[in-house]
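Undergrad: This is the structure, below, for whatever I ask next.
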Amino acid sequence: MTATLLDGRQLAKKLRNELSAEVAAFTEEYGVVPTIAVVRAGEDPASVSYGGAIEKAFAKQGMGFALHTLPETASQGEIVDLAAVKGALSPDKDIDGVHPVNTGRLTQAAPIGRPAMVGPFFVPATPAGGLEILKQYEIELQGKHAVVVGRSNIVGKPMAMLLLRENATVTMCHSRTADLAAVCRSADILCAAVGRARMIRGDWVKPGAIVIDFGVNFVDGQMCGDVDFEAVKEVAGLITPVPGGTGPMTNVMLMRNVIAAARRTVAG
Ligand code: NDP
């Protein structure tokens with residue numbers, strides 16, 4: 001193996017320790033426990049399991065969790081459509097950064113090092129965690145060619161915006177990208193957010209590149225990323241493993257956003 005592991009699990013542990021002190025101080029000062037509210041429609045096993053994991057992680061941190069469920073049989077009128085739900089959220093409590101105000105501010109925010117030009121905003125937790133890994137490992141982003149494969153609103157697109165803001169030169173790829181392998185090979189920083197197990201192969205990666213794998217897939221009961229880890233680790237310079245890379249960072253970024261939202265709420 002030539003690549004060094006970007007250890008999201010260790011990093012998340014360190015950041016959780018820092019957050020513990022912040023949560024305790026906030027609760028002491030305001031008499032309010034920072035709490036996440038989760039709305040779930042139906043009993044989809046993956047959603048139930050994700051909700052349970054959030055509840056456990058938040059409890060360990062001294063933070064609150066409130067679950068609101070709608071029955072599987074809820075009518076469309078009861079659930080409202082997703083765009084309307086996003087729009088109905090308060091942008092100041094939108095801790096996964098899906099409200100149009102937050103996505104708009106992320107898009108309009110000036111590059112790091114210049115006056116921000118927009119109000120505060122929340123960034124979706126998963127790409128925020130990916131960027132935090134790069135920053136904590138002190139990886140230079142300015143002037144680097146970053147390629148993001150995947151353009152969803154919760155992972156790919158915000159990751160591209162974050163890297164652009166850090167003065168990387170960013171290419172966004174998707175299912176219609178021509179010669180994806182060649183585009184990936186041109187990346188100094190390659191981010192995969194595709195949802196296809198081990199799609200990014202060893203010969204798609206430039207020697208020494210930094211690889212951030214957001215993928216969460218299951219093959220024969222085993223979790224794996226969107227990157228063919230066994231092949232790519234022989235080529236890349238730094239790589240996030242799956243599990244143990246971007247995944248553990250997501251909850252920590254969610255916690256950070258909840259504390260920031262709680263601060264905004266008490267500040268009025
Ligand atoms: P989506 O399905 O919303 O988006 C997938 C993206 O990948 C789309 O933009 C799609 O292109 C693109 N894509 C699909 N197939 C190909 C292909 N063959 N070649 C190039 N691009 C392709 O997924 P998400 O963004 O929600 O999730 C991405 C991955 O991240 C998943 O594995 C998911 O499980 C994981 N994830 C991880 C989290 C974490 O905490 N680490 C949290 C959330 C997600 P197009 O737009 O053209 O359709």
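Letters A, B, ... go to the chains of the structure tokens in the order shown; residues in each chain start at 1; ligands are counted from 1 in the same order.
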Identify, on the basis of only C-alpha atoms, every residue whose closest approach to stretch 214-216 of chain A does not exceed 9 Å; exclude the query and any residue fewer than 5 positions from it along the same chain; express the result as number ranges by chain.

TA: A: 126-127, 130, 155, 191-198, 223-227, 240, 242-243, 245-247

Undergrad: Which residues of stretch 212-267 of chain A come within 9 Å of stretch 22-31 of chain A, and for each one, what is the closest pair of atoms and their distance in Å to one decimal, counting only C-alpha atoms, sorted by chain and residue number, as a tab-separated table?

TA:
residue	atom	partner	partner_atom	distance
A:Ile259	CA	A:Val23	CA	7.2
A:Ala262	CA	A:Phe26	CA	8.9
A:Arg263	CA	A:Phe26	CA	8.2
A:Val266	CA	A:Tyr30	CA	7.7

Undergrad: Find the spatial neighbours of A:Leu67, counting only C-alpha atoms, within a cut-off of 8 Å - ignore same-chain residues fewer than 2 positions away - and output them as a ChimeraX atom specification.

TA: /A:37-40,65,69

Undergrad: Which of stretch 32-262 of chain A counts as strand (DSSP E or B) under DSSP, as a PyMOL selection string please?

TA: chain A and resi 35-41+64-70+145-149+169-173+189-192+200+210-213+217-219+222-224+227+238-239

Undergrad: Any chance you can output those residues with C-alpha atoms as an mmCIF file, in the first residue's frame?

TA:
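New file again_22.cif:
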data_model
loop_
_atom_site.group_PDB
_atom_site.id
_atom_site.type_symbol
_atom_site.label_atom_id
_atom_site.label_comp_id
_atom_site.auth_asym_id
_atom_site.auth_seq_id
_atom_site.Cartn_x
_atom_site.Cartn_y
_atom_site.Cartn_z
ATOM 1 C CA THR A 35 -31.469 19.178 20.297
ATOM 2 C CA ILE A 36 -31.912 17.717 16.845
ATOM 3 C CA ALA A 37 -35.462 17.178 15.535
ATOM 4 C CA VAL A 38 -35.874 14.376 13.019
ATOM 5 C CA VAL A 39 -39.028 13.939 10.927
ATOM 6 C CA ARG A 40 -39.470 10.468 9.467
ATOM 7 C CA ALA A 41 -42.268 9.301 7.202
ATOM 8 C CA GLY A 64 -31.067 15.970 22.658
ATOM 9 C CA PHE A 65 -32.983 14.026 19.992
ATOM 10 C CA ALA A 66 -36.672 14.462 19.158
ATOM 11 C CA LEU A 67 -38.295 12.124 16.645
ATOM 12 C CA HIS A 68 -41.511 12.986 14.829
ATOM 13 C CA THR A 69 -42.967 10.150 12.776
ATOM 14 C CA LEU A 70 -45.662 10.099 10.141
ATOM 15 C CA HIS A 145 -7.611 20.345 -9.571
ATOM 16 C CA ALA A 146 -10.499 18.786 -7.661
ATOM 17 C CA VAL A 147 -12.845 16.387 -9.427
ATOM 18 C CA VAL A 148 -16.169 15.574 -7.773
ATOM 19 C CA VAL A 149 -18.045 12.590 -9.186
ATOM 20 C CA THR A 169 -10.245 24.431 -9.630
ATOM 21 C CA VAL A 170 -13.273 22.173 -9.660
ATOM 22 C CA THR A 171 -14.702 19.778 -12.223
ATOM 23 C CA MET A 172 -18.103 18.199 -11.506
ATOM 24 C CA CYS A 173 -18.919 14.834 -13.064
ATOM 25 C CA ILE A 189 -8.163 15.663 -5.318
ATOM 26 C CA LEU A 190 -10.791 13.106 -6.297
ATOM 27 C CA CYS A 191 -14.121 12.950 -4.466
ATOM 28 C CA ALA A 192 -16.555 10.124 -5.122
ATOM 29 C CA ILE A 200 -13.562 4.323 -9.194
ATOM 30 C CA ILE A 210 -5.917 12.547 -2.596
ATOM 31 C CA VAL A 211 -9.082 10.447 -2.646
ATOM 32 C CA ILE A 212 -12.198 11.203 -0.587
ATOM 33 C CA ASP A 213 -14.797 8.443 -0.770
ATOM 34 C CA ASN A 217 -22.648 0.572 -0.403
ATOM 35 C CA PHE A 218 -23.147 -3.004 0.702
ATOM 36 C CA VAL A 219 -21.771 -5.952 -1.256
ATOM 37 C CA GLN A 222 -19.918 -5.844 3.617
ATOM 38 C CA MET A 223 -19.822 -2.057 3.544
ATOM 39 C CA CYS A 224 -17.711 -0.544 0.800
ATOM 40 C CA VAL A 227 -13.845 3.675 -4.732
ATOM 41 C CA LEU A 238 -3.944 9.791 0.746
ATOM 42 C CA ILE A 239 -7.291 8.010 0.920
#

Undergrad: Provide the atom CA of A:Ala84 to atom CA of A:Gly97 distance in Å, to one decimal place.

TA: 14.8 Å

Undergrad: Provide the atom CA of A:Gly62 to atom CA of A:Asp44 distance in Å, to one decimal place.

TA: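 It comes out at 27.0 Å.
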
Undergrad: List the spatial neighbours of A:Ala109 as a PyMOL selection string - criterion: any atom at most 7 Å away, only C-alpha atoms, same-chain residues fewer than 5 positions off excluded.

TA: chain A and resi 116-118

Undergrad: Given the choices A:Pro158, A:Gly143, A:Pro241, A:Gly202, which gets closest to A:Gln108 if the distance is worked out from only C-alpha atoms?

TA: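 Smallest separation from A:Gln108 among the options: A:Pro158.
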